>>> print(open('protein_32.cif').read())   # mmCIF, C-alpha atoms
data_work
#
loop_
_atom_site.label_atom_id
_atom_site.label_comp_id
_atom_site.auth_asym_id
_atom_site.auth_seq_id
_atom_site.Cartn_x
_atom_site.Cartn_y
_atom_site.Cartn_z
CA GLY A 1 0.00 0.00 0.00
CA GLY A 2 0.89 3.68 0.13
CA GLY A 3 2.06 3.59 3.75
CA CYS A 4 5.72 2.72 3.09
CA PHE A 5 5.76 5.42 0.43
CA ALA A 6 5.75 8.09 3.13
CA ARG A 7 8.80 6.92 5.10
CA PRO A 8 12.00 8.74 4.04
CA GLY A 9 15.04 6.53 3.73
CA GLU A 10 13.14 3.52 2.40
CA PHE A 11 12.95 2.34 -1.19
CA VAL A 12 9.52 2.68 -2.74
CA ALA A 13 8.13 -0.70 -3.81
CA ASP A 14 8.17 -1.34 -7.56
CA SER A 15 4.46 -2.14 -7.49
CA VAL A 16 3.75 1.25 -5.92
CA LEU A 17 5.80 3.05 -8.55
CA ALA A 18 3.89 1.15 -11.24
CA VAL A 19 0.67 2.61 -9.80
CA MET A 20 2.17 6.10 -9.89
CA PHE A 21 3.31 5.84 -13.51
CA THR A 22 -0.09 4.44 -14.51
CA TRP A 23 -1.90 7.17 -12.59
CA TRP A 24 0.18 9.88 -14.23
CA GLY A 25 -0.37 8.43 -17.67
CA ASP A 26 -4.06 9.02 -17.22
CA GLN A 27 -3.76 12.19 -15.18
CA ALA A 28 -1.80 14.06 -17.83
CA GLY A 29 -4.73 13.64 -20.19
CA VAL A 30 -7.45 15.01 -17.93
CA GLY A 31 -5.77 17.71 -15.84
CA PHE A 32 -4.54 18.03 -12.29
CA GLY A 33 -6.73 17.11 -9.33
CA VAL A 34 -9.15 15.02 -11.38
CA ARG A 35 -9.62 11.33 -10.83
CA PRO A 36 -8.48 9.56 -14.00
CA PRO A 37 -11.08 7.72 -16.06
CA VAL A 38 -10.79 3.93 -16.11
CA HIS A 39 -9.91 2.58 -19.54
CA GLN A 40 -11.54 -0.72 -20.41
CA ASP A 41 -8.29 -2.25 -21.56
CA GLY A 42 -6.08 -0.23 -19.21
CA PHE A 43 -3.79 0.89 -22.04
CA PRO A 44 -2.61 3.17 -23.53
CA PHE A 45 -2.60 6.31 -21.39
CA ARG A 46 -2.85 9.14 -23.89
CA SER A 47 -2.34 12.73 -22.84
CA ARG A 48 -3.32 16.00 -24.41
CA TYR A 49 0.42 16.66 -24.58
CA ASN A 50 0.75 13.91 -27.20
CA SER A 51 2.64 11.71 -24.74
CA VAL A 52 2.37 8.05 -23.88
CA VAL A 53 3.58 6.65 -20.56
CA VAL A 54 4.74 3.13 -21.31
CA ASP A 55 3.98 0.14 -19.10
CA THR A 56 6.65 -0.11 -16.36
CA PHE A 57 7.28 -3.74 -17.28
CA LEU A 58 7.80 -3.18 -21.01
CA TYR A 59 11.51 -2.44 -20.79
CA THR A 60 12.03 -5.58 -18.71
CA ARG A 61 10.42 -7.64 -21.47
CA ILE A 62 12.29 -6.07 -24.40
CA SER A 63 15.63 -6.42 -22.60
CA HIS A 64 15.16 -10.08 -21.70
CA ALA A 65 17.64 -12.53 -23.21
CA GLU A 66 14.73 -14.48 -24.74
CA TYR A 67 12.79 -11.40 -25.89
CA ARG A 68 10.40 -11.94 -28.78
CA TRP A 69 8.44 -9.27 -30.62
CA ASP A 70 5.16 -11.12 -30.16
CA SER A 71 5.53 -10.71 -26.36
CA VAL A 72 5.00 -6.94 -26.68
CA GLU A 73 3.24 -6.67 -30.05
CA ARG A 74 -0.29 -6.22 -28.73
CA GLU A 75 0.46 -3.40 -26.29
CA THR A 76 2.92 -1.74 -28.69
CA LEU A 77 0.35 -1.53 -31.48
CA ARG A 78 -2.07 0.22 -29.10
CA MET A 79 0.35 3.09 -28.50
CA ALA A 80 0.29 4.62 -31.98
CA ILE A 81 4.00 5.25 -31.44
CA PHE A 82 4.64 7.01 -34.71
CA ASP A 83 1.92 9.65 -34.53
CA GLN A 84 3.39 13.06 -35.36
CA GLY A 85 4.95 14.74 -32.34
CA ARG A 86 4.72 11.66 -30.15
CA LEU A 87 6.72 11.58 -26.90
CA LEU A 88 7.17 8.20 -25.24
CA VAL A 89 8.08 7.94 -21.57
CA VAL A 90 9.80 4.62 -20.91
CA PRO A 91 10.37 3.79 -17.21
CA ILE A 92 13.44 1.58 -16.68
CA ASN A 93 13.96 -0.54 -13.56
CA ILE A 94 17.43 -2.08 -13.26
CA GLU A 95 17.52 -5.34 -11.29
CA LYS A 96 14.81 -4.03 -8.96
CA ARG A 97 17.23 -1.58 -7.38
CA HIS A 98 17.33 1.55 -9.51
CA TRP A 99 14.85 3.55 -11.63
CA PHE A 100 15.40 6.09 -14.39
CA ILE A 101 13.51 6.97 -17.56
CA ALA A 102 14.04 7.27 -21.30
CA LEU A 103 12.21 9.90 -23.33
CA VAL A 104 11.68 8.88 -26.95
CA ARG A 105 11.06 11.75 -29.35
CA VAL A 106 9.82 9.90 -32.37
CA ASP A 107 9.90 12.74 -34.92
CA SER A 108 13.55 13.55 -34.25
CA VAL A 109 14.59 9.90 -33.78
CA GLU A 110 16.05 10.68 -30.33
CA ILE A 111 16.22 8.78 -27.06
CA GLU A 112 17.10 10.87 -24.01
CA PHE A 113 17.91 9.43 -20.58
CA LEU A 114 17.08 11.15 -17.29
CA ASP A 115 18.70 9.60 -14.23
CA SER A 116 18.84 10.91 -10.66
CA VAL A 117 22.26 9.25 -10.27
CA SER A 118 23.72 10.16 -13.63
CA ARG A 119 26.96 8.54 -14.69
CA TRP A 120 28.66 11.81 -15.60
CA ASN A 121 30.91 11.54 -18.66
CA GLN A 122 29.90 7.91 -19.02
CA ASP A 123 27.39 8.01 -21.85
CA ALA A 124 28.51 4.50 -22.75
CA TYR A 125 26.63 3.29 -19.67
CA TYR A 126 23.31 4.09 -21.36
CA LEU A 127 24.15 2.71 -24.78
CA PRO A 128 22.82 -0.83 -24.11
CA TYR A 129 19.49 0.64 -22.96
CA CYS A 130 19.35 2.86 -26.04
CA LYS A 131 20.02 -0.10 -28.34
CA LYS A 132 17.29 -2.24 -26.75
CA ILE A 133 14.70 0.52 -26.95
CA GLY A 134 15.77 1.40 -30.50
CA ASN A 135 15.50 -2.23 -31.56
CA TRP A 136 11.96 -2.42 -30.14
CA LEU A 137 10.98 0.78 -31.98
CA ASP A 138 12.48 -0.44 -35.26
CA GLN A 139 10.51 -3.67 -34.93
CA ALA A 140 7.36 -1.66 -34.29
CA ARG A 141 7.94 0.52 -37.35
CA ALA A 142 8.44 -2.52 -39.56
CA ASN A 143 5.32 -4.13 -38.13
CA TYR A 144 3.22 -1.02 -38.74
CA ALA A 145 4.46 -0.88 -42.35
CA GLY A 146 3.95 -4.59 -42.93
CA ASP A 147 7.63 -5.06 -43.76
CA THR A 148 9.43 -8.32 -43.14
CA GLU A 149 12.83 -6.59 -42.99
CA ILE A 150 13.76 -4.48 -39.95
CA VAL A 151 15.67 -1.36 -40.98
CA PRO A 152 17.51 0.45 -38.13
CA ALA A 153 16.38 4.07 -37.86
CA GLY A 154 19.65 5.23 -36.33
CA TRP A 155 18.33 6.47 -32.99
CA THR A 156 20.41 9.25 -31.44
CA MET A 157 21.17 9.02 -27.73
CA HIS A 158 21.34 11.92 -25.27
CA VAL A 159 21.84 12.03 -21.50
CA ARG A 160 20.15 14.94 -19.72
CA ARG A 161 22.99 16.76 -17.98
CA ASP A 162 20.84 19.06 -15.87
CA ALA A 163 18.46 16.41 -14.53
CA PRO A 164 17.86 16.91 -10.77
CA GLN A 165 20.05 14.60 -8.71
CA GLN A 166 19.76 12.65 -5.50
CA CYS A 167 22.18 13.91 -2.87
CA VAL A 168 22.88 14.17 0.85
CA LEU A 169 21.39 17.17 2.66
CA ASP A 170 22.67 18.84 5.80
CA ASP A 171 20.42 19.56 8.78
CA SER A 172 19.19 22.77 7.16
CA GLY A 173 18.22 21.01 3.93
CA VAL A 174 21.14 22.25 1.84
CA ALA A 175 22.82 19.83 -0.58
CA VAL A 176 26.31 19.05 0.67
CA ASP A 177 27.37 15.90 -1.20
CA TYR A 178 26.44 14.62 -4.64
CA ASP A 179 28.89 11.75 -4.49
CA LYS A 180 27.37 10.01 -1.47
CA ARG A 181 23.86 9.63 -2.86
CA ALA A 182 20.73 9.50 -0.73
CA GLY A 183 20.04 6.36 -2.72
CA THR A 184 16.41 5.56 -1.91
CA ASP A 185 14.54 8.18 -3.92
CA CYS A 186 15.35 7.12 -7.49
CA GLY A 187 11.76 5.96 -8.08
CA LEU A 188 10.33 9.28 -6.93
CA PHE A 189 12.72 11.19 -9.17
CA ALA A 190 11.78 8.94 -12.11
CA VAL A 191 8.06 9.63 -11.65
CA LEU A 192 8.76 13.36 -11.43
CA PHE A 193 10.91 13.21 -14.56
CA ALA A 194 7.91 11.69 -16.36
CA MET A 195 5.51 14.30 -15.01
CA TYR A 196 7.62 17.30 -15.87
CA ALA A 197 8.60 15.96 -19.30
CA THR A 198 5.01 15.34 -20.41
CA LEU A 199 4.04 18.83 -19.26
CA GLY A 200 7.07 20.48 -20.81
CA LEU A 201 8.04 22.10 -17.51
CA GLU A 202 11.45 23.11 -16.20
CA MET A 203 12.64 20.43 -13.78
CA ASP A 204 13.02 22.61 -10.72
CA PHE A 205 12.48 19.98 -8.00
CA SER A 206 15.29 18.69 -5.79
CA GLN A 207 16.21 16.25 -3.03
CA ALA A 208 14.79 18.69 -0.50
CA ASP A 209 11.30 18.18 -1.97
CA MET A 210 11.26 14.41 -1.49
CA PRO A 211 9.78 14.15 2.05
CA VAL A 212 6.67 16.17 1.20
CA LEU A 213 6.35 14.43 -2.17
CA ARG A 214 6.48 11.03 -0.50
CA SER A 215 3.50 12.04 1.60
CA ALA A 216 1.57 13.45 -1.36
CA PHE A 217 2.28 10.41 -3.54
CA ALA A 218 1.27 8.08 -0.71
CA ASP A 219 -2.16 9.73 -0.66
CA ILE A 220 -2.49 9.31 -4.43
CA VAL A 221 -1.51 5.63 -4.34
CA TRP A 222 -3.89 4.94 -1.45
CA GLY A 223 -6.69 6.63 -3.38
CA CYS A 224 -5.95 4.67 -6.55
CA GLU A 225 -5.87 1.38 -4.66
CA THR A 226 -9.07 2.01 -2.69
CA GLY A 227 -11.02 3.95 -5.32
CA ASN A 228 -11.16 6.96 -2.99
CA TYR A 229 -9.01 9.33 -4.98
CA GLU A 230 -10.77 12.69 -4.82
CA ASP A 231 -10.54 15.91 -6.79
CA SER A 232 -8.19 18.10 -4.79
CA GLY A 233 -8.83 21.09 -7.00
CA GLU A 234 -5.09 21.69 -7.25
#
>>> encode(input="protein_32.cif", output="structure tokens")
Amino acid sequence: GGGCFARPGEFVADSVLAVMFTWWGDQAGVGFGVRPPVHQDGFPFRSRYNSVVVDTFLYTRISHAEYRWDSVERETLRMAIFDQGRLLVVPINIEKRHWFIALVRVDSVEIEFLDSVSRWNQDAYYLPYCKKIGNWLDQARANYAGDTEIVPAGWTMHVRRDAPQQCVLDDSGVAVDYDKRAGTDCGLFAVLFAMYATLGLEMDFSQADMPVLRSAFADIVWGCETGNYEDSGE
């Protein structure tokens, strides 16, 4: 449930983060403070910002050693990936211990990574993730076109250098160390990356915001799980 969400210093359960990403996928399409409508098939979550928040388990499936296109074909075809101006938000969970996201800008053939523990000057770290996502997208394009041959689109990779970072705060809430990471808020940062990206907002949140956001997100998750999510008007 949402209870553990509110305790600073603890990792947020993957299942709870899945609820948050799903909630935001709907929420972006209907406005803030409004309970999302329930889709009959639960997918896709289309927003008025021409964004799609991808299932949190999709990356796990496309990166599996025994990955097959038919394992993701049905949900992929529902996304209308190649609509003009489409932005895909792909949550990535690494070995159930770290979350970050990829933003796929279809028109410009770009994949951008936002990570709250960025590997500065180590773009090579993200290359395997870029290749797996690009391969999935190339398969989707071929499938849409009815082609039997998969032609690589040549996806360009970027790492967001100014993405807000986890860090250690002093007693007054000032960041004092970016090398010794707080370490338990990666999932919260990933959800916020998705929110701000789909809204096109400047990412002005920080580690200092995490305690209050944990509490707010806990309320949202509890409401989604119990059906008691109410319009806050905010």
>>> residues_around(input="protein_32.cif", residues="Pro128 (chain A)", least_positions_apart="4", cutoff="12 Å", atoms="only C-alpha atoms", output="ChimeraX atom specification")
/A:59,62-63,113,123-124,132-135,157
>>> closest_atom_pairs(input="protein_32.cif", of="region 126-202 of chain A", to="region 85-98 of chain A", cutoff="12 Å", atoms="all atoms listed in the file", output="CSV")
residue,atom,partner,partner_atom,distance
A:Tyr126,CA,A:Ile92,CA,11.2
A:Tyr129,CA,A:Ile92,CA,8.8
A:Cys130,CA,A:Val90,CA,11.0
A:Lys132,CA,A:Ile92,CA,11.4
A:Ile133,CA,A:Val90,CA,8.8
A:Gly134,CA,A:Val90,CA,11.7
A:Trp136,CA,A:Val90,CA,11.8
A:Leu137,CA,A:Leu88,CA,10.7
A:Gly183,CA,A:His98,CA,8.8
A:Thr184,CA,A:His98,CA,8.6
A:Asp185,CA,A:His98,CA,9.1
A:Cys186,CA,A:His98,CA,6.2
A:Gly187,CA,A:His98,CA,7.2
A:Leu188,CA,A:His98,CA,10.7
A:Phe189,CA,A:His98,CA,10.7
A:Ala190,CA,A:Pro91,CA,7.4
A:Val191,CA,A:Pro91,CA,8.4
A:Leu192,CA,A:Pro91,CA,11.3
A:Phe193,CA,A:Val89,CA,9.2
A:Ala194,CA,A:Val89,CA,6.4
A:Met195,CA,A:Val89,CA,9.5
A:Tyr196,CA,A:Val89,CA,11.0
A:Ala197,CA,A:Val89,CA,8.4
A:Thr198,CA,A:Leu87,CA,7.7
A:Leu199,CA,A:Leu87,CA,10.9
A:Gly200,CA,A:Leu87,CA,10.8
>>> closest_residue(input="protein_32.cif", among="A:Phe11, A:Phe57, A:Trp69, A:Tyr144", to="Asp83 (chain A)", atoms="all atoms listed in the file")
A:Tyr144
>>> closest_residue(input="protein_32.cif", among="A:Met79, A:Val72, A:Val221, A:Leu213", to="Phe21 (chain A)", atoms="all atoms listed in the file")
A:Val221
>>> resolve_selection(input="protein_32.cif", expression="the PyMOL selection byres ((chain A and resi 160) around 7)", output="count of residues only")
8
>>> closest_residue(input="protein_32.cif", among="A:Ala218, A:Val52, A:Val104, A:Leu201", to="Trp24 (chain A)", atoms="only C-alpha atoms")
A:Val52
>>> resolve_selection(input="protein_32.cif", expression="the PyMOL selection byres ((chain A and resi 74) around 12)", output="number ranges by chain")
A: 41, 43-44, 58, 69-73, 75-80, 140, 143-144
>>> resolve_selection(input="protein_32.cif", expression="the PyMOL selection byres ((chain A and resi 117) around 7)", output="list in words")
Asp115, Ser116, Ser118, Arg119, Gln165 and Gln166 of chain A
>>> closest_residue(input="protein_32.cif", among="A:Thr156, A:Thr56, A:Arg214, A:Glu10", to="Phe100 (chain A)", atoms="all atoms listed in the file")
A:Thr56
>>> closest_residue(input="protein_32.cif", among="A:Ala18, A:Ile150, A:Met210, A:Ile81", to="Val106 (chain A)", atoms="all atoms listed in the file")
A:Ile81
>>> atom_distance(input="protein_32.cif", atom1="CA of Ala142 (chain A)", atom2="CA of Ile111 (chain A)")
18.6 Å
>>> atom_distance(input="protein_32.cif", atom1="CA of Gly25 (chain A)", atom2="CA of Val53 (chain A)")
5.2 Å
>>> closest_residue(input="protein_32.cif", among="A:Cys224, A:Asp171, A:Met20, A:Thr148", to="Ala208 (chain A)", atoms="only C-alpha atoms")
A:Asp171
>>> build_atoms(input="protein_32.cif", residues="region 131-142 of chain A", atoms="all heavy atoms", output="PDB file, in the frame of the given file")
ATOM      1  N   LYS A 131      20.085   0.904 -27.269  1.00  0.00           N
ATOM      2  CA  LYS A 131      20.020  -0.100 -28.340  1.00  0.00           C
ATOM      3  C   LYS A 131      18.780  -0.985 -28.194  1.00  0.00           C
ATOM      4  O   LYS A 131      18.123  -1.315 -29.190  1.00  0.00           O
ATOM      5  CB  LYS A 131      21.287  -0.945 -28.328  1.00  0.00           C
ATOM      6  CG  LYS A 131      22.522  -0.196 -28.812  1.00  0.00           C
ATOM      7  CD  LYS A 131      23.761  -1.079 -28.769  1.00  0.00           C
ATOM      8  CE  LYS A 131      24.979  -0.326 -29.274  1.00  0.00           C
ATOM      9  NZ  LYS A 131      26.214  -1.162 -29.200  1.00  0.00           N
ATOM     10  N   LYS A 132      18.454  -1.370 -26.968  1.00  0.00           N
ATOM     11  CA  LYS A 132      17.290  -2.240 -26.750  1.00  0.00           C
ATOM     12  C   LYS A 132      15.998  -1.505 -27.076  1.00  0.00           C
ATOM     13  O   LYS A 132      15.086  -2.060 -27.709  1.00  0.00           O
ATOM     14  CB  LYS A 132      17.289  -2.773 -25.326  1.00  0.00           C
ATOM     15  CG  LYS A 132      18.376  -3.798 -25.050  1.00  0.00           C
ATOM     16  CD  LYS A 132      18.306  -4.308 -23.624  1.00  0.00           C
ATOM     17  CE  LYS A 132      19.290  -5.445 -23.388  1.00  0.00           C
ATOM     18  NZ  LYS A 132      20.692  -5.018 -23.489  1.00  0.00           N
ATOM     19  N   ILE A 133      15.904  -0.259 -26.643  1.00  0.00           N
ATOM     20  CA  ILE A 133      14.700   0.520 -26.950  1.00  0.00           C
ATOM     21  C   ILE A 133      14.617   0.795 -28.450  1.00  0.00           C
ATOM     22  O   ILE A 133      13.544   0.680 -29.063  1.00  0.00           O
ATOM     23  CB  ILE A 133      14.698   1.838 -26.154  1.00  0.00           C
ATOM     24  CG1 ILE A 133      14.576   1.551 -24.655  1.00  0.00           C
ATOM     25  CG2 ILE A 133      13.553   2.741 -26.610  1.00  0.00           C
ATOM     26  CD1 ILE A 133      14.770   2.771 -23.777  1.00  0.00           C
ATOM     27  N   GLY A 134      15.750   1.146 -29.061  1.00  0.00           N
ATOM     28  CA  GLY A 134      15.770   1.400 -30.500  1.00  0.00           C
ATOM     29  C   GLY A 134      15.380   0.166 -31.302  1.00  0.00           C
ATOM     30  O   GLY A 134      14.645   0.265 -32.296  1.00  0.00           O
ATOM     31  N   ASN A 135      15.850  -0.991 -30.885  1.00  0.00           N
ATOM     32  CA  ASN A 135      15.500  -2.230 -31.560  1.00  0.00           C
ATOM     33  C   ASN A 135      13.996  -2.490 -31.489  1.00  0.00           C
ATOM     34  O   ASN A 135      13.362  -2.870 -32.485  1.00  0.00           O
ATOM     35  CB  ASN A 135      16.252  -3.398 -30.927  1.00  0.00           C
ATOM     36  CG  ASN A 135      15.887  -4.729 -31.556  1.00  0.00           C
ATOM     37  OD1 ASN A 135      16.066  -4.943 -32.746  1.00  0.00           O
ATOM     38  ND2 ASN A 135      15.359  -5.648 -30.746  1.00  0.00           N
ATOM     39  N   TRP A 136      13.415  -2.258 -30.311  1.00  0.00           N
ATOM     40  CA  TRP A 136      11.960  -2.420 -30.140  1.00  0.00           C
ATOM     41  C   TRP A 136      11.201  -1.462 -31.062  1.00  0.00           C
ATOM     42  O   TRP A 136      10.240  -1.858 -31.739  1.00  0.00           O
ATOM     43  CB  TRP A 136      11.597  -2.182 -28.679  1.00  0.00           C
ATOM     44  CG  TRP A 136      10.154  -1.934 -28.423  1.00  0.00           C
ATOM     45  CD1 TRP A 136       9.120  -2.798 -28.642  1.00  0.00           C
ATOM     46  CD2 TRP A 136       9.574  -0.730 -27.893  1.00  0.00           C
ATOM     47  NE1 TRP A 136       7.924  -2.212 -28.277  1.00  0.00           N
ATOM     48  CE2 TRP A 136       8.181  -0.947 -27.820  1.00  0.00           C
ATOM     49  CE3 TRP A 136      10.096   0.481 -27.466  1.00  0.00           C
ATOM     50  CZ2 TRP A 136       7.308   0.027 -27.332  1.00  0.00           C
ATOM     51  CZ3 TRP A 136       9.227   1.455 -26.976  1.00  0.00           C
ATOM     52  CH2 TRP A 136       7.855   1.226 -26.924  1.00  0.00           C
ATOM     53  N   LEU A 137      11.648  -0.210 -31.134  1.00  0.00           N
ATOM     54  CA  LEU A 137      10.980   0.780 -31.980  1.00  0.00           C
ATOM     55  C   LEU A 137      11.114   0.441 -33.461  1.00  0.00           C
ATOM     56  O   LEU A 137      10.158   0.592 -34.230  1.00  0.00           O
ATOM     57  CB  LEU A 137      11.569   2.163 -31.705  1.00  0.00           C
ATOM     58  CG  LEU A 137      11.300   2.734 -30.302  1.00  0.00           C
ATOM     59  CD1 LEU A 137      12.209   3.927 -30.041  1.00  0.00           C
ATOM     60  CD2 LEU A 137       9.839   3.124 -30.147  1.00  0.00           C
ATOM     61  N   ASP A 138      12.287  -0.049 -33.860  1.00  0.00           N
ATOM     62  CA  ASP A 138      12.480  -0.440 -35.260  1.00  0.00           C
ATOM     63  C   ASP A 138      11.581  -1.613 -35.622  1.00  0.00           C
ATOM     64  O   ASP A 138      11.028  -1.677 -36.738  1.00  0.00           O
ATOM     65  CB  ASP A 138      13.945  -0.803 -35.514  1.00  0.00           C
ATOM     66  CG  ASP A 138      14.869   0.407 -35.439  1.00  0.00           C
ATOM     67  OD1 ASP A 138      14.379   1.539 -35.593  1.00  0.00           O
ATOM     68  OD2 ASP A 138      16.083   0.200 -35.205  1.00  0.00           O
ATOM     69  N   GLN A 139      11.420  -2.547 -34.689  1.00  0.00           N
ATOM     70  CA  GLN A 139      10.510  -3.670 -34.930  1.00  0.00           C
ATOM     71  C   GLN A 139       9.077  -3.173 -35.064  1.00  0.00           C
ATOM     72  O   GLN A 139       8.312  -3.656 -35.905  1.00  0.00           O
ATOM     73  CB  GLN A 139      10.621  -4.683 -33.801  1.00  0.00           C
ATOM     74  CG  GLN A 139      11.906  -5.487 -33.819  1.00  0.00           C
ATOM     75  CD  GLN A 139      11.969  -6.460 -32.662  1.00  0.00           C
ATOM     76  OE1 GLN A 139      11.783  -6.084 -31.500  1.00  0.00           O
ATOM     77  NE2 GLN A 139      12.233  -7.716 -32.957  1.00  0.00           N
ATOM     78  N   ALA A 140       8.713  -2.216 -34.226  1.00  0.00           N
ATOM     79  CA  ALA A 140       7.360  -1.660 -34.290  1.00  0.00           C
ATOM     80  C   ALA A 140       7.117  -0.973 -35.617  1.00  0.00           C
ATOM     81  O   ALA A 140       6.062  -1.141 -36.242  1.00  0.00           O
ATOM     82  CB  ALA A 140       7.146  -0.684 -33.126  1.00  0.00           C
ATOM     83  N   ARG A 141       8.094  -0.195 -36.073  1.00  0.00           N
ATOM     84  CA  ARG A 141       7.940   0.520 -37.350  1.00  0.00           C
ATOM     85  C   ARG A 141       7.747  -0.470 -38.507  1.00  0.00           C
ATOM     86  O   ARG A 141       6.892  -0.278 -39.377  1.00  0.00           O
ATOM     87  CB  ARG A 141       9.135   1.426 -37.602  1.00  0.00           C
ATOM     88  CG  ARG A 141       8.961   2.351 -38.795  1.00  0.00           C
ATOM     89  CD  ARG A 141      10.228   3.148 -39.061  1.00  0.00           C
ATOM     90  NE  ARG A 141      10.578   4.025 -37.973  1.00  0.00           N
ATOM     91  CZ  ARG A 141      10.090   5.256 -37.821  1.00  0.00           C
ATOM     92  NH1 ARG A 141       9.210   5.727 -38.695  1.00  0.00           N
ATOM     93  NH2 ARG A 141      10.480   6.007 -36.814  1.00  0.00           N
ATOM     94  N   ALA A 142       8.560  -1.523 -38.510  1.00  0.00           N
ATOM     95  CA  ALA A 142       8.440  -2.520 -39.560  1.00  0.00           C
ATOM     96  C   ALA A 142       7.083  -3.209 -39.508  1.00  0.00           C
ATOM     97  O   ALA A 142       6.464  -3.477 -40.543  1.00  0.00           O
ATOM     98  CB  ALA A 142       9.563  -3.554 -39.426  1.00  0.00           C
TER      99      ALA A 142
END
